[in-house]
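Participant: Below is the file work.cif, which contains mmCIF, C-alpha atoms.
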data_query
#
loop_
_atom_site.group_PDB
_atom_site.id
_atom_site.type_symbol
_atom_site.label_atom_id
_atom_site.label_comp_id
_atom_site.auth_asym_id
_atom_site.auth_seq_id
_atom_site.Cartn_x
_atom_site.Cartn_y
_atom_site.Cartn_z
ATOM 1 C CA MET A 1 -9.235 3.545 23.448
ATOM 2 C CA ARG A 2 -5.984 4.368 21.652
ATOM 3 C CA ARG A 3 -6.252 4.014 17.862
ATOM 4 C CA ARG A 4 -2.910 5.452 16.764
ATOM 5 C CA PRO A 5 0.001 3.159 15.878
ATOM 6 C CA ALA A 6 2.763 2.651 18.418
ATOM 7 C CA ALA A 7 5.829 4.871 18.039
ATOM 8 C CA SER A 8 7.883 1.781 17.151
ATOM 9 C CA ALA A 9 5.458 0.576 14.450
ATOM 10 C CA GLU A 10 6.821 0.076 10.931
ATOM 11 C CA LEU A 11 5.376 0.665 7.478
ATOM 12 C CA CYS A 12 7.039 -0.544 4.291
ATOM 13 C CA VAL A 13 6.955 1.707 1.222
ATOM 14 C CA HIS A 14 7.735 0.053 -2.121
ATOM 15 C CA LEU A 15 8.731 2.153 -5.126
ATOM 16 C CA ALA A 16 7.876 0.169 -8.261
ATOM 17 C CA ASP A 17 7.383 0.592 -11.971
ATOM 18 C CA ASP A 18 3.939 0.612 -13.577
ATOM 19 C CA ALA A 19 4.290 -2.970 -14.833
ATOM 20 C CA HIS A 20 4.788 -4.316 -11.316
ATOM 21 C CA VAL A 21 1.922 -2.272 -9.877
ATOM 22 C CA ARG A 22 -0.310 -3.337 -12.767
ATOM 23 C CA ALA A 23 0.415 -6.994 -11.946
ATOM 24 C CA LEU A 24 -0.367 -6.417 -8.264
ATOM 25 C CA ASN A 25 -3.547 -4.526 -9.137
ATOM 26 C CA LEU A 26 -4.697 -7.402 -11.355
ATOM 27 C CA ARG A 27 -3.891 -10.046 -8.755
ATOM 28 C CA TRP A 28 -5.422 -8.357 -5.725
ATOM 29 C CA ARG A 29 -8.133 -6.094 -7.175
ATOM 30 C CA GLY A 30 -8.960 -7.704 -10.529
ATOM 31 C CA LEU A 31 -8.101 -4.485 -12.402
ATOM 32 C CA ASP A 32 -5.709 -4.880 -15.344
ATOM 33 C CA LYS A 33 -4.174 -1.404 -15.222
ATOM 34 C CA PRO A 34 -1.592 0.462 -13.183
ATOM 35 C CA THR A 35 -2.668 2.765 -10.410
ATOM 36 C CA ASN A 36 -0.725 5.376 -8.488
ATOM 37 C CA VAL A 37 -0.813 3.633 -5.098
ATOM 38 C CA LEU A 38 -1.838 0.325 -3.549
ATOM 39 C CA SER A 39 -2.012 -0.414 0.150
ATOM 40 C CA PHE A 40 -1.820 -3.754 1.902
ATOM 41 C CA PRO A 41 -2.668 -3.469 5.608
ATOM 42 C CA ALA A 42 -1.061 -6.059 7.875
ATOM 43 C CA VAL A 43 -3.740 -5.852 10.572
ATOM 44 C CA GLU A 44 -7.394 -5.001 10.981
ATOM 45 C CA PRO A 45 -8.029 -1.340 11.896
ATOM 46 C CA SER A 46 -9.186 -2.393 15.364
ATOM 47 C CA ARG A 47 -5.715 -3.862 16.070
ATOM 48 C CA ILE A 48 -3.597 -0.977 14.755
ATOM 49 C CA ALA A 49 -2.615 0.299 18.217
ATOM 50 C CA GLN A 50 -1.015 -3.054 19.108
ATOM 51 C CA ALA A 51 0.647 -3.740 15.752
ATOM 52 C CA LEU A 52 4.369 -3.422 15.181
ATOM 53 C CA LEU A 53 4.024 -3.989 11.419
ATOM 54 C CA LEU A 54 1.334 -1.823 9.810
ATOM 55 C CA GLY A 55 1.582 -3.080 6.228
ATOM 56 C CA ASP A 56 2.852 -2.118 2.790
ATOM 57 C CA ILE A 57 2.282 0.821 0.456
ATOM 58 C CA VAL A 58 3.261 0.403 -3.196
ATOM 59 C CA LEU A 59 3.800 3.484 -5.382
ATOM 60 C CA ALA A 60 3.969 3.310 -9.190
ATOM 61 C CA TYR A 61 6.680 5.752 -10.188
ATOM 62 C CA GLU A 62 5.570 6.476 -13.779
ATOM 63 C CA THR A 63 1.935 6.964 -12.812
ATOM 64 C CA VAL A 64 2.782 9.188 -9.840
ATOM 65 C CA ALA A 65 5.220 11.248 -11.936
ATOM 66 C CA ALA A 66 2.688 11.674 -14.758
ATOM 67 C CA ARG A 67 0.006 12.931 -12.352
ATOM 68 C CA GLY A 68 2.392 15.314 -10.579
ATOM 69 C CA ASP A 69 2.019 18.172 -13.071
#
I'd like the structure from this file rewritten - as structure tokens, please.
Facilitator:
Amino acid sequence: MRRRPAASAELCVHLADDAHVRALNLRWRGLDKPTNVLSFPAVEPSRIAQALLLGDIVLAYETVAARGD
């Protein structure tokens, strides 16, 4: 069984500030703080090989930059 995404599959990467990521983290995870990355899969792992849209990844610029030392 093939589990890798199709070659034509798409993934959206959002570059955001800490305030936006903090709001997303609170809404979806109940954590009132920024984090370096959030992921929002569009399909269940068992359907990844058939999916054309894989989901979204959100990166918090300030948090990522601060941890990059």
Participant: With the file shown as input, list the residues that the PyMOL selection byres ((chain A and resi 36-50) around 6) selects, as a list in words.
Facilitator: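 Applied to this file, the PyMOL selection byres ((chain A and resi 36-50) around 6) returns Arg3, Arg4, Pro5, Ala6, Thr35, Ala51, Leu54, Gly55, Asp56, Ile57, Val58, Leu59, Ala60, Thr63 and Val64 of chain A.
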Participant: In the coordinates of the file, take the point (0.5, 0.1, -17.4) and a cut-off of 12 Å; then, counting only C-alpha atoms, name each qualifying protein, DNA or RNA residue as a PyMOL selection string.
Facilitator: chain A and resi 16-26+31-36+60-63
Participant: What are the centre and edge lengths in Å, to one decimal, of the axis-aligned box around all listed atoms of segment 28-47 of chain A with 4 Å added on each side, as lines of an AutoDock Vina configuration file?
Facilitator:
center_x = -5.0
center_y = -1.5
center_z = 0.4
size_x = 16.5
size_y = 21.7
size_z = 39.4
Participant: Find, counting only C-alpha atoms, the residue in A:Ser8, A:Leu15, A:Gly30, A:Ala66 that gets nearest to Leu53 of chain A.
Facilitator: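 Closest to Leu53 of chain A, using only C-alpha atoms: A:Ser8.
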